[in-house]
$ cat model.csv   # CSV, C-alpha atoms
chain,number,residue,atom,x,y,z
Q,255,MET,CA,-83.4,120.3,-64.1
Q,256,ALA,CA,-84.2,116.7,-63.5
Q,257,GLU,CA,-83.5,115.3,-60.0
Q,258,THR,CA,-81.8,111.9,-60.3
Q,259,ILE,CA,-82.0,111.1,-56.6
Q,260,VAL,CA,-85.3,111.6,-54.8
Q,261,TYR,CA,-84.8,114.1,-52.0
Q,262,ASP,CA,-87.6,114.2,-49.5
Q,263,PRO,CA,-86.4,115.9,-46.3
Q,264,LEU,CA,-89.5,114.8,-44.4
Q,265,ASP,CA,-89.1,111.1,-45.2
Q,266,PRO,CA,-88.8,109.2,-41.9
Q,267,ALA,CA,-85.4,107.6,-42.9
Q,268,VAL,CA,-84.0,111.0,-43.8
Q,269,LEU,CA,-85.2,112.6,-40.6
Q,270,THR,CA,-83.5,109.8,-38.7
Q,271,ASP,CA,-80.2,110.0,-40.6
Q,272,PRO,CA,-79.9,112.3,-43.6
Q,273,TYR,CA,-76.2,112.1,-44.0
Q,274,PRO,CA,-75.9,109.0,-46.3
Q,275,LEU,CA,-78.4,110.7,-48.7
Q,276,TYR,CA,-76.4,114.0,-48.4
Q,277,ALA,CA,-73.3,112.1,-49.5
Q,278,GLU,CA,-75.1,110.7,-52.5
Q,279,LEU,CA,-76.3,114.1,-53.5
Q,280,ARG,CA,-72.9,115.7,-53.1
Q,281,GLU,CA,-71.4,113.1,-55.4
Q,282,GLN,CA,-74.0,112.7,-58.0
Q,283,THR,CA,-76.1,115.9,-58.2
Q,284,PRO,CA,-74.3,118.6,-56.1
Q,285,VAL,CA,-76.6,121.3,-57.4
Q,286,PHE,CA,-80.1,120.1,-58.4
Q,287,TRP,CA,-83.6,121.3,-59.0
Q,288,ASN,CA,-86.2,120.0,-56.5
Q,289,GLU,CA,-89.6,120.0,-58.1
Q,290,ARG,CA,-91.6,119.8,-54.9
Q,291,MET,CA,-89.9,122.8,-53.3
Q,292,GLN,CA,-89.6,124.6,-56.6
Q,293,SER,CA,-86.0,125.5,-55.7
Q,294,TRP,CA,-82.4,124.7,-56.5
Q,295,VAL,CA,-80.5,122.8,-53.8
Q,296,ALA,CA,-76.8,123.1,-53.2
Q,297,THR,CA,-75.0,120.4,-51.2
Q,298,ARG,CA,-71.2,121.0,-51.5
Q,299,TYR,CA,-69.3,123.2,-49.1
Q,300,ASP,CA,-67.8,125.6,-51.6
Q,301,ASP,CA,-71.2,126.2,-53.4
Q,302,CYS,CA,-73.1,126.7,-50.2
Q,303,ARG,CA,-70.5,129.2,-48.8
Q,304,GLU,CA,-70.5,131.1,-52.1
Q,305,VAL,CA,-74.3,131.5,-52.0
Q,306,LEU,CA,-74.1,132.7,-48.3
Q,307,ARG,CA,-71.2,135.0,-49.0
Q,308,ASN,CA,-72.3,136.5,-52.4
Q,309,HIS,CA,-75.2,138.7,-51.4
Q,310,GLN,CA,-75.0,140.7,-54.6
Q,311,THR,CA,-76.0,137.6,-56.6
Q,312,PHE,CA,-78.0,135.7,-54.0
Q,313,ALA,CA,-80.4,137.9,-52.1
Q,314,ARG,CA,-82.0,137.5,-48.7
Q,315,ASP,CA,-84.2,140.5,-49.3
Q,316,ARG,CA,-86.9,139.2,-51.7
Q,317,ARG,CA,-88.0,142.7,-52.5
Q,318,ARG,CA,-84.9,142.8,-54.8
Q,319,VAL,CA,-86.8,140.5,-57.1
Q,320,ASN,CA,-90.2,142.2,-56.6
Q,321,ILE,CA,-91.5,139.9,-53.9
Q,322,ASP,CA,-93.4,141.6,-51.1
Q,323,VAL,CA,-92.2,141.3,-47.6
Q,324,PRO,CA,-95.0,142.2,-45.1
Q,325,GLU,CA,-94.1,144.6,-42.3
Q,326,PHE,CA,-94.3,141.9,-39.6
Q,327,ALA,CA,-91.5,140.0,-41.4
Q,328,GLN,CA,-89.2,143.0,-41.9
Q,329,ASN,CA,-86.1,142.5,-39.7
Q,330,LEU,CA,-82.4,142.2,-40.0
Q,331,GLN,CA,-82.7,138.9,-41.9
Q,332,SER,CA,-84.9,140.5,-44.6
Q,333,LEU,CA,-82.2,143.1,-45.5
Q,334,ASP,CA,-79.1,142.8,-47.5
Q,335,PRO,CA,-75.9,144.9,-47.4
Q,336,PRO,CA,-75.5,147.8,-47.4
Q,337,GLN,CA,-79.0,148.5,-46.1
Q,338,HIS,CA,-78.7,146.1,-43.2
Q,339,ALA,CA,-75.3,147.5,-42.0
Q,340,PRO,CA,-76.7,150.1,-39.4
Q,341,LEU,CA,-79.0,147.5,-37.8
Q,342,ARG,CA,-76.5,144.7,-37.8
Q,343,SER,CA,-73.9,147.0,-36.2
Q,344,LEU,CA,-76.3,148.1,-33.5
Q,345,LEU,CA,-77.2,144.5,-32.6
Q,346,MET,CA,-73.6,143.2,-32.8
Q,347,ASN,CA,-72.4,146.0,-30.5
Q,348,ALA,CA,-75.2,145.1,-28.1
Q,349,PHE,CA,-74.1,141.4,-28.1
Q,350,ARG,CA,-70.5,142.3,-27.6
Q,351,ALA,CA,-71.4,144.4,-24.5
Q,352,GLN,CA,-72.8,141.3,-22.7
Q,353,ASP,CA,-70.9,139.6,-19.9
Q,354,LEU,CA,-70.7,136.0,-21.3
Q,355,ASP,CA,-68.6,134.7,-18.4
Q,356,ALA,CA,-71.4,135.7,-16.0
Q,357,ALA,CA,-74.0,134.2,-18.3
Q,358,ALA,CA,-71.9,131.0,-18.4
Q,359,HIS,CA,-71.9,130.8,-14.6
Q,360,ARG,CA,-75.6,131.3,-14.3
Q,361,THR,CA,-76.2,128.7,-17.0
Q,362,HIS,CA,-74.0,126.2,-15.2
Q,363,ASP,CA,-75.9,126.6,-12.0
Q,364,LYS,CA,-79.3,126.4,-13.7
Q,365,ILE,CA,-78.4,123.2,-15.5
Q,366,LEU,CA,-77.0,121.6,-12.4
Q,367,GLY,CA,-80.1,122.5,-10.5
Q,368,LEU,CA,-82.3,120.8,-13.1
Q,369,PHE,CA,-80.0,117.7,-13.1
Q,370,GLN,CA,-80.5,117.5,-9.3
Q,371,ASP,CA,-84.3,117.6,-9.6
Q,372,LEU,CA,-84.2,114.9,-12.2
Q,373,SER,CA,-81.5,112.6,-10.7
Q,374,ASP,CA,-83.9,110.2,-9.0
Q,375,LEU,CA,-86.3,109.6,-11.9
Q,376,ASP,CA,-86.3,106.3,-13.6
Q,377,GLU,CA,-86.9,108.2,-16.9
Q,378,PHE,CA,-87.4,111.7,-18.1
Q,379,ASP,CA,-87.6,113.4,-21.5
Q,380,TRP,CA,-84.4,115.5,-22.0
Q,381,ILE,CA,-86.1,117.7,-24.6
Q,382,HIS,CA,-89.0,119.0,-22.5
Q,383,GLU,CA,-87.4,118.7,-19.1
Q,384,VAL,CA,-83.9,120.1,-19.9
Q,385,ALA,CA,-83.5,121.5,-23.5
Q,386,ALA,CA,-86.6,123.6,-23.6
Q,387,PRO,CA,-86.4,125.2,-20.1
Q,388,VAL,CA,-82.7,125.8,-20.3
Q,389,ALA,CA,-83.0,127.4,-23.7
Q,390,LEU,CA,-85.8,129.7,-22.6
Q,391,ASN,CA,-84.2,130.7,-19.3
Q,392,LEU,CA,-80.9,131.5,-20.9
Q,393,THR,CA,-82.4,133.5,-23.7
Q,394,ALA,CA,-84.6,135.5,-21.4
Q,395,GLU,CA,-81.6,136.2,-19.2
Q,396,LEU,CA,-79.4,137.2,-22.1
Q,397,PHE,CA,-82.1,139.7,-23.2
Q,398,GLY,CA,-82.8,140.9,-19.7
Q,399,VAL,CA,-86.6,140.2,-20.0
Q,400,VAL,CA,-89.2,138.4,-17.9
Q,401,GLU,CA,-89.2,134.8,-19.0
Q,402,PRO,CA,-92.3,133.8,-20.9
Q,403,GLU,CA,-94.4,130.9,-19.8
Q,404,LEU,CA,-92.7,127.8,-21.2
Q,405,LYS,CA,-95.7,126.0,-22.7
Q,406,TYR,CA,-96.9,129.2,-24.5
Q,407,TYR,CA,-93.5,130.1,-25.8
Q,408,ALA,CA,-92.6,126.6,-27.0
Q,409,ALA,CA,-95.8,126.5,-29.0
Q,410,LEU,CA,-94.9,129.8,-30.7
Q,411,ALA,CA,-91.4,128.7,-31.4
Q,412,ASP,CA,-92.6,125.4,-32.9
Q,413,ALA,CA,-95.0,127.1,-35.2
Q,414,ILE,CA,-92.3,129.5,-36.4
Q,415,THR,CA,-89.9,126.6,-37.0
Q,416,ARG,CA,-92.5,124.7,-39.0
Q,417,ARG,CA,-93.2,127.8,-41.0
Q,418,MET,CA,-89.6,127.5,-42.4
Q,419,ASP,CA,-90.8,124.4,-44.2
Q,420,ALA,CA,-93.5,126.2,-46.2
Q,421,GLY,CA,-92.0,124.9,-49.5
Q,422,LEU,CA,-92.9,121.4,-48.3
Q,423,ASP,CA,-96.3,122.1,-46.6
Q,424,ALA,CA,-98.3,125.2,-47.3
Q,425,THR,CA,-100.5,124.6,-44.2
Q,426,VAL,CA,-97.8,125.8,-41.9
Q,427,ILE,CA,-97.8,129.3,-43.4
Q,428,GLU,CA,-100.8,130.8,-41.6
Q,429,PRO,CA,-100.1,129.5,-38.1
Q,430,GLY,CA,-96.4,130.4,-38.5
Q,431,ASP,CA,-97.2,133.9,-39.5
Q,432,GLU,CA,-99.6,134.3,-36.6
Q,433,ALA,CA,-96.9,133.1,-34.2
Q,434,ARG,CA,-94.4,135.6,-35.6
Q,435,LYS,CA,-96.9,138.4,-35.1
Q,436,GLN,CA,-97.5,137.3,-31.5
Q,437,LEU,CA,-93.8,137.2,-30.9
Q,438,ASN,CA,-93.4,140.7,-32.4
Q,439,THR,CA,-96.0,141.9,-29.9
Q,440,LEU,CA,-94.2,140.2,-27.1
Q,441,ALA,CA,-91.0,142.0,-28.2
Q,442,ASP,CA,-92.7,145.3,-28.5
Q,443,GLY,CA,-93.8,144.9,-24.9
Q,444,TRP,CA,-90.2,144.2,-23.8
Q,445,PHE,CA,-89.1,147.2,-25.8
Q,446,ALA,CA,-91.6,149.5,-24.1
Q,447,GLU,CA,-90.6,148.5,-20.6
Q,448,ASN,CA,-88.2,150.5,-18.6
Q,449,SER,CA,-87.0,147.6,-16.4
Q,450,GLY,CA,-83.3,148.6,-16.4
Q,451,ARG,CA,-82.4,144.9,-16.2
Q,452,PRO,CA,-78.9,144.1,-17.5
Q,453,GLY,CA,-79.1,142.4,-20.9
Q,454,LEU,CA,-79.5,142.9,-24.6
Q,455,MET,CA,-82.7,144.9,-24.4
Q,456,THR,CA,-81.3,147.6,-22.1
Q,457,THR,CA,-78.1,147.8,-24.1
Q,458,ILE,CA,-80.0,148.1,-27.4
Q,459,LYS,CA,-82.0,151.0,-26.0
Q,460,GLN,CA,-78.8,152.7,-24.9
Q,461,LEU,CA,-77.2,152.3,-28.3
Q,462,MET,CA,-80.1,153.0,-30.6
Q,463,ASP,CA,-80.1,156.8,-30.2
Q,464,GLY,CA,-79.4,158.2,-33.6
Q,465,ALA,CA,-79.7,154.8,-35.3
Q,466,THR,CA,-81.0,155.3,-38.9
Q,467,VAL,CA,-83.3,152.3,-38.7
Q,468,PRO,CA,-87.1,152.3,-38.7
Q,469,GLU,CA,-88.2,151.3,-35.2
Q,470,HIS,CA,-90.3,148.3,-36.3
Q,471,TYR,CA,-87.2,146.8,-37.8
Q,472,ILE,CA,-85.5,146.9,-34.4
Q,473,GLY,CA,-88.5,145.4,-32.6
Q,474,ASN,CA,-89.0,142.7,-35.2
Q,475,SER,CA,-85.3,141.9,-35.1
Q,476,ILE,CA,-85.3,141.5,-31.4
Q,477,ALA,CA,-88.1,139.1,-31.7
Q,478,ALA,CA,-86.4,137.1,-34.5
Q,479,ILE,CA,-83.1,137.0,-32.6
Q,480,PHE,CA,-84.8,135.9,-29.3
Q,481,ASN,CA,-86.4,133.0,-31.2
Q,482,ALA,CA,-83.2,132.1,-33.0
Q,483,SER,CA,-81.4,132.0,-29.7
Q,484,TYR,CA,-84.0,129.8,-28.0
Q,485,GLY,CA,-84.4,127.6,-31.1
Q,486,THR,CA,-80.6,127.1,-31.6
Q,487,VAL,CA,-80.0,126.2,-27.9
Q,488,PHE,CA,-83.1,124.0,-27.8
Q,489,ALA,CA,-82.3,122.0,-30.9
Q,490,ALA,CA,-78.5,121.8,-30.4
Q,491,ALA,CA,-79.0,120.6,-26.8
Q,492,GLY,CA,-81.0,117.7,-28.1
Q,493,ASN,CA,-78.8,116.8,-31.0
Q,494,ALA,CA,-75.5,117.2,-29.1
Q,495,VAL,CA,-76.6,115.0,-26.2
Q,496,LEU,CA,-78.0,112.3,-28.5
Q,497,THR,CA,-74.6,112.4,-30.3
Q,498,LEU,CA,-72.8,111.9,-27.0
Q,499,LEU,CA,-75.0,109.1,-26.0
Q,500,GLN,CA,-74.6,107.3,-29.3
Q,501,HIS,CA,-70.8,107.7,-29.3
Q,502,ARG,CA,-69.6,106.0,-26.2
Q,503,GLY,CA,-66.6,107.5,-24.5
Q,504,THR,CA,-66.9,110.8,-26.3
Q,505,LEU,CA,-68.2,112.7,-23.3
Q,506,ASP,CA,-65.2,111.6,-21.2
Q,507,ARG,CA,-62.9,113.0,-23.7
Q,508,PHE,CA,-64.2,116.5,-22.8
Q,509,ARG,CA,-62.5,116.1,-19.4
Q,510,ASP,CA,-59.4,117.3,-21.4
Q,511,ARG,CA,-60.3,121.0,-21.1
Q,512,GLY,CA,-58.0,121.6,-24.1
Q,513,VAL,CA,-60.6,120.1,-26.5
Q,514,VAL,CA,-63.8,121.6,-24.9
Q,515,ASP,CA,-64.2,124.6,-27.2
Q,516,THR,CA,-63.1,122.8,-30.3
Q,517,GLY,CA,-65.3,119.8,-29.3
Q,518,VAL,CA,-68.4,121.9,-28.9
Q,519,GLU,CA,-67.9,123.3,-32.4
Q,520,GLU,CA,-67.4,119.8,-33.7
Q,521,LEU,CA,-70.7,118.7,-32.2
Q,522,ILE,CA,-72.4,121.5,-34.0
Q,523,ARG,CA,-70.7,120.6,-37.3
Q,524,PHE,CA,-71.4,116.9,-36.9
Q,525,ASP,CA,-75.2,117.2,-36.3
Q,526,GLY,CA,-76.2,120.8,-35.9
Q,527,PRO,CA,-79.7,122.3,-35.9
Q,528,ALA,CA,-79.5,124.2,-39.2
Q,529,GLN,CA,-80.1,121.8,-42.1
Q,530,GLY,CA,-80.4,124.6,-44.6
Q,531,THR,CA,-81.2,128.2,-45.4
Q,532,SER,CA,-82.4,129.9,-48.6
Q,533,ARG,CA,-81.5,132.8,-50.9
Q,534,ILE,CA,-83.0,133.9,-54.1
Q,535,ALA,CA,-81.0,134.6,-57.3
Q,536,ALA,CA,-81.1,138.4,-58.0
Q,537,GLU,CA,-79.6,137.8,-61.5
Q,538,ARG,CA,-78.9,135.0,-63.9
Q,539,THR,CA,-75.9,133.0,-62.7
Q,540,VAL,CA,-74.1,129.7,-62.7
Q,541,LEU,CA,-73.6,127.5,-59.6
Q,542,GLY,CA,-72.0,124.1,-59.6
Q,543,GLY,CA,-72.4,123.9,-63.4
Q,544,GLN,CA,-76.1,124.7,-63.3
Q,545,VAL,CA,-77.7,127.8,-64.8
Q,546,ILE,CA,-79.9,129.6,-62.2
Q,547,GLU,CA,-82.3,132.2,-63.5
Q,548,ALA,CA,-83.1,135.5,-61.7
Q,549,GLY,CA,-85.9,135.0,-59.2
Q,550,GLN,CA,-85.2,131.3,-58.6
Q,551,PRO,CA,-84.7,130.2,-55.0
Q,552,VAL,CA,-81.5,128.4,-53.9
Q,553,ILE,CA,-81.5,126.2,-50.7
Q,554,THR,CA,-78.0,125.7,-49.2
Q,555,LEU,CA,-78.0,122.4,-47.4
Q,556,LEU,CA,-75.6,123.4,-44.6
Q,557,ALA,CA,-75.7,120.0,-43.0
Q,558,ALA,CA,-74.6,118.4,-46.2
Q,559,ALA,CA,-71.8,121.0,-46.6
Q,560,ASN,CA,-70.6,120.3,-43.1
Q,561,ARG,CA,-69.9,116.7,-44.1
Q,562,ASP,CA,-68.2,117.5,-47.4
Q,563,PRO,CA,-64.9,115.6,-47.5
Q,564,ALA,CA,-63.4,118.3,-49.8
Q,565,GLN,CA,-63.5,120.6,-46.8
Q,566,PHE,CA,-63.4,118.3,-43.7
Q,567,GLU,CA,-61.0,115.4,-43.3
Q,568,ARG,CA,-62.8,112.3,-41.9
Q,569,PRO,CA,-66.2,114.2,-42.1
Q,570,ASP,CA,-68.3,111.4,-40.7
Q,571,GLU,CA,-66.2,111.1,-37.6
Q,572,LEU,CA,-66.3,113.2,-34.4
Q,573,VAL,CA,-62.9,114.8,-34.2
Q,574,LEU,CA,-63.0,116.9,-31.0
Q,575,ASP,CA,-59.8,118.7,-31.7
Q,576,ARG,CA,-60.6,119.5,-35.3
Q,577,SER,CA,-58.9,122.8,-36.3
Q,578,PRO,CA,-59.6,124.7,-38.3
Q,579,ASN,CA,-63.3,123.9,-38.3
Q,580,ARG,CA,-65.0,126.4,-40.6
Q,581,HIS,CA,-68.4,124.7,-40.5
Q,582,LEU,CA,-71.6,126.4,-41.7
Q,583,GLY,CA,-73.7,125.5,-38.6
Q,584,PHE,CA,-74.2,129.1,-37.7
Q,585,GLY,CA,-74.3,130.3,-41.3
Q,586,TRP,CA,-71.7,132.4,-43.1
Q,587,GLY,CA,-71.2,135.8,-44.5
Q,588,PRO,CA,-73.3,138.9,-43.8
Q,589,HIS,CA,-76.2,136.9,-42.4
Q,590,ALA,CA,-74.2,134.7,-40.1
Q,591,CYS,CA,-75.9,134.0,-36.7
Q,592,LEU,CA,-75.4,137.0,-34.4
Q,593,GLY,CA,-75.7,134.8,-31.3
Q,594,ALA,CA,-73.3,132.1,-32.4
Q,595,THR,CA,-71.0,132.8,-29.4
Q,596,PHE,CA,-73.9,132.5,-27.0
Q,597,GLY,CA,-75.0,129.2,-28.5
Q,598,HIS,CA,-71.5,127.9,-28.1
Q,599,VAL,CA,-71.5,128.9,-24.4
Q,600,ALA,CA,-74.8,127.2,-23.8
Q,601,ILE,CA,-73.8,123.9,-25.3
Q,602,LYS,CA,-70.4,124.1,-23.6
Q,603,GLU,CA,-72.1,124.4,-20.2
Q,604,ILE,CA,-74.4,121.5,-20.8
Q,605,VAL,CA,-71.4,119.3,-21.7
Q,606,LEU,CA,-69.5,120.5,-18.6
Q,607,CYS,CA,-72.5,119.9,-16.4
Q,608,LEU,CA,-72.9,116.3,-17.7
Q,609,LEU,CA,-69.3,115.7,-16.7
Q,610,GLU,CA,-70.2,116.6,-13.1
Q,611,ALA,CA,-73.4,114.5,-13.1
Q,612,PRO,CA,-74.0,110.8,-12.8
Q,613,SER,CA,-73.8,109.0,-16.1
Q,614,LEU,CA,-76.7,109.8,-18.4
Q,615,ARG,CA,-78.1,106.9,-20.4
Q,616,LEU,CA,-80.8,106.3,-23.0
Q,617,THR,CA,-83.9,104.5,-21.7
Q,618,GLY,CA,-86.0,104.4,-24.9
Q,619,THR,CA,-86.1,105.3,-28.6
Q,620,PRO,CA,-85.4,108.9,-29.5
Q,621,VAL,CA,-88.0,110.5,-31.8
Q,622,ARG,CA,-87.0,113.2,-34.4
Q,623,ARG,CA,-89.2,116.3,-34.9
Q,624,ARG,CA,-90.8,116.2,-38.3
Q,625,THR,CA,-89.2,119.4,-39.6
Q,626,ALA,CA,-86.7,119.8,-42.4
Q,627,THR,CA,-85.1,123.2,-42.1
Q,628,VAL,CA,-84.3,122.7,-38.4
Q,629,ARG,CA,-83.1,119.3,-37.2
Q,630,SER,CA,-84.2,118.7,-33.6
Q,631,MET,CA,-85.8,116.1,-31.3
Q,632,ASP,CA,-89.3,115.6,-30.1
Q,633,LEU,CA,-88.4,113.0,-27.6
Q,634,LEU,CA,-85.2,111.9,-25.9
Q,635,PRO,CA,-85.9,109.5,-23.0
Q,636,VAL,CA,-83.0,109.3,-20.6
Q,637,SER,CA,-82.1,108.7,-17.0
Q,638,PHE,CA,-79.3,109.5,-14.6
Q,639,ARG,CA,-80.1,106.3,-12.6
Q,640,LYS,CA,-78.2,103.0,-13.3

$ encode --input "model.csv" --output "structure tokens"
Amino acid sequence: MAETIVYDPLDPAVLTDPYPLYAELREQTPVFWNERMQSWVATRYDDCREVLRNHQTFARDRRRVNIDVPEFAQNLQSLDPPQHAPLRSLLMNAFRAQDLDAAAHRTHDKILGLFQDLSDLDEFDWIHEVAAPVALNLTAELFGVVEPELKYYAALADAITRRMDAGLDATVIEPGDEARKQLNTLADGWFAENSGRPGLMTTIKQLMDGATVPEHYIGNSIAAIFNASYGTVFAAAGNAVLTLLQHRGTLDRFRDRGVVDTGVEELIRFDGPAQGTSRIAAERTVLGGQVIEAGQPVITLLAAANRDPAQFERPDELVLDRSPNRHLGFGWGPHACLGATFGHVAIKEIVLCLLEAPSLRLTGTPVRRRTATVRSMDLLPVSFRK
């Protein structure tokens, strides 16, 4: 169980560019035990996909190995098949009922309006002036709820994101759990409203009659999906734009509308928000030649899998017309991200709006957020002015 290469996901060099280390891990210790996190770590595409796919052996529901899940944390992501099927079906049907074309048009107008407001500034922070407000506005519109105050919600989301790194820093557990409880309360308030606004909330209420799911699971799942939508758009908007700024000429290639959709997927594969996700072995098994005992956690390093040359030709290059592109940026299997299509739409509209705007340029040094599970930015100083 010895780790031959030191893997510290919070090391500043790893935060800046983890991909050289991921390549070493894939080659030398593709499945290894990390003492600090007390977990196995998988780095190759096939191993990661197997863990995500095989819910019988690798559990998301920790109660299957006698670990308590408190009520505030009980949601779609804390259930495994077949128990999660009724709730996932309800939420999937609600997503499918949304008018994504109309959402795309509203998104486009919102982004262009922000660009207009920022166009004369010598410098602004893309993360706080664009990524965060766009992510929150779009998510609130998707759900059909009153948009929370940005500063308040961003703090909640940040605490929840940092809670995902509890295996590295136990001090994030208490504030993260408190933030989740506050978000659940917020969702309960939305659920109790009878606003009639179009969106996921109204659709879920219409579809839930007769659903064999405890009501707190529905409310908690709404909260979790709201935050996942916000967090995905927020982080992806920063990562994607930094990638475009660092790869000169790439944005102009999106003027070929034939590569827009595949190009957005490639941006997510190349440097997506989700660095990893975890499961727990429900039984003794073997993965990548390593014996994993029942009850031991397994972290799938999705970002390492997304650069695996065994799956992706020229994995360290941006190939905008890459097809097929079965990346794991939105997960895989029964717990794949429900809002993946919405996240794709949001990043697509940001890219299209950048094509209509004056050239965006870096004006300072980008700063990565010190989080391991989610890869995002704290600061991205830019300007539309020459």

$ atom_distance --input "model.csv" --atom1 "atom CA of Asp301 of chain Q" --atom2 "atom CA of Gly542 of chain Q"
6.6 Å

$ residues_around --input "model.csv" --residues "His338 of chain Q" --least-positions-apart "4" --cutoff "12 Å" --atoms "only C-alpha atoms" --output "PyMOL selection string"
chain Q and resi 309+314-315+328-334+342-346+465-468+471-472+475+588-589

$ atom_distance --input "model.csv" --atom1 "atom CA of Val552 of chain Q" --atom2 "atom CA of Thr497 of chain Q"
29.3 Å

$ residues_near_point --input "model.csv" --point "(-94.2, 147.4, -27.5)" --cutoff "10 Å" --atoms "only C-alpha atoms" --output "ChimeraX atom specification"
/Q:438-447,470,473

$ closest_residue --input "model.csv" --among "Q:Phe638, Q:Ile601, Q:Val621, Q:Val426" --to "Leu269 of chain Q" --atoms "only C-alpha atoms"
Q:Val621

$ atom_distance --input "model.csv" --atom1 "atom CA of Trp287 of chain Q" --atom2 "atom CA of Leu582 of chain Q"
21.7 Å

$ closest_residue --input "model.csv" --among "Q:Ala548, Q:Leu592, Q:Ile427, Q:Leu375" --to "Phe480 of chain Q" --atoms "all atoms listed in the file"
Q:Leu592

$ closest_residue --input "model.csv" --among "Q:Trp380, Q:Tyr276, Q:Tyr406, Q:Phe369" --to "Leu496 of chain Q" --atoms "all atoms listed in the file"
Q:Trp380

$ closest_residue --input "model.csv" --among "Q:Leu368, Q:Phe326, Q:Asp423, Q:Asp374" --to "Ala477 of chain Q" --atoms "all atoms listed in the file"
Q:Phe326

$ closest_residue --input "model.csv" --among "Q:Gln370, Q:Gln352, Q:Asn560, Q:Thr270" --to "Thr456 of chain Q" --atoms "only C-alpha atoms"
Q:Gln352

$ closest_residue --input "model.csv" --among "Q:Ala626, Q:Leu498, Q:Ala351, Q:Ile534" --to "Glu547 of chain Q" --atoms "all atoms listed in the file"
Q:Ile534

$ closest_atom_pairs --input "model.csv" --of "segment 502-595 of chain Q" --to "segment 627-632 of chain Q" --cutoff "9 Å" --atoms "all atoms listed in the file" --output "CSV"
residue,atom,partner,partner_atom,distance
Q:Asp525,CA,Q:Arg629,CA,8.2
Q:Gly526,CA,Q:Arg629,CA,7.2
Q:Pro527,CA,Q:Arg629,CA,4.7
Q:Ala528,CA,Q:Val628,CA,5.1
Q:Gln529,CA,Q:Thr627,CA,5.2
Q:Gly530,CA,Q:Thr627,CA,5.5
Q:Thr531,CA,Q:Thr627,CA,7.1
Q:Leu555,CA,Q:Thr627,CA,8.9

$ residues_around --input "model.csv" --residues "Tyr407 of chain Q" --least-positions-apart "5" --cutoff "9 Å" --atoms "all atoms listed in the file" --output "number ranges by chain"
Q: 390, 402, 412, 437

$ residues_around --input "model.csv" --residues "segment 361-367 of chain Q" --least-positions-apart "5" --cutoff "7 Å" --atoms "only C-alpha atoms" --output "PyMOL selection string"
chain Q and resi 388+392+603-604+607

$ residues_around --input "model.csv" --residues "Arg507 of chain Q" --least-positions-apart "5" --cutoff "9 Å" --atoms "all atoms listed in the file" --output "PyMOL selection string"
chain Q and resi 513-514+574

$ residues_around --input "model.csv" --residues "Leu614 of chain Q" --least-positions-apart "2" --cutoff "12 Å" --atoms "all atoms listed in the file" --output "ChimeraX atom specification"
/Q:369,372-380,495-496,498-500,502,505-506,605,607-612,616-617,634-640

$ decode --input "model.csv" --residues "segment 299-333 of chain Q" --atoms "C-alpha atoms" --output "CSV table (one decimal), in the first residue's frame"
chain,number,residue,atom,x,y,z
Q,299,TYR,CA,-9.7,5.9,-17.4
Q,300,ASP,CA,-10.8,2.3,-17.4
Q,301,ASP,CA,-10.4,1.9,-13.7
Q,302,CYS,CA,-12.2,5.2,-12.9
Q,303,ARG,CA,-15.1,4.3,-15.2
Q,304,GLU,CA,-15.4,0.9,-13.7
Q,305,VAL,CA,-15.7,2.4,-10.2
Q,306,LEU,CA,-18.3,4.9,-11.3
Q,307,ARG,CA,-20.3,2.2,-13.3
Q,308,ASN,CA,-20.1,-0.7,-10.9
Q,309,HIS,CA,-22.4,0.4,-8.1
Q,310,GLN,CA,-22.8,-3.1,-6.7
Q,311,THR,CA,-19.1,-3.2,-5.7
Q,312,PHE,CA,-18.4,0.5,-5.3
Q,313,ALA,CA,-21.1,2.2,-3.2
Q,314,ARG,CA,-22.1,5.8,-3.0
Q,315,ASP,CA,-24.5,5.1,-0.2
Q,316,ARG,CA,-22.3,4.7,2.8
Q,317,ARG,CA,-25.0,3.0,4.8
Q,318,ARG,CA,-24.2,-0.1,2.8
Q,319,VAL,CA,-21.0,-0.4,4.9
Q,320,ASN,CA,-22.7,0.7,8.1
Q,321,ILE,CA,-21.6,4.4,8.0
Q,322,ASP,CA,-24.4,6.8,9.1
Q,323,VAL,CA,-25.7,9.4,6.7
Q,324,PRO,CA,-27.4,12.2,8.6
Q,325,GLU,CA,-30.8,13.3,7.4
Q,326,PHE,CA,-29.6,16.7,6.1
Q,327,ALA,CA,-27.2,14.8,3.8
Q,328,GLN,CA,-29.7,12.3,2.4
Q,329,ASN,CA,-30.3,13.1,-1.2
Q,330,LEU,CA,-30.1,11.5,-4.7
Q,331,GLN,CA,-26.3,11.3,-4.4
Q,332,SER,CA,-26.5,9.3,-1.2
Q,333,LEU,CA,-28.6,6.5,-2.7
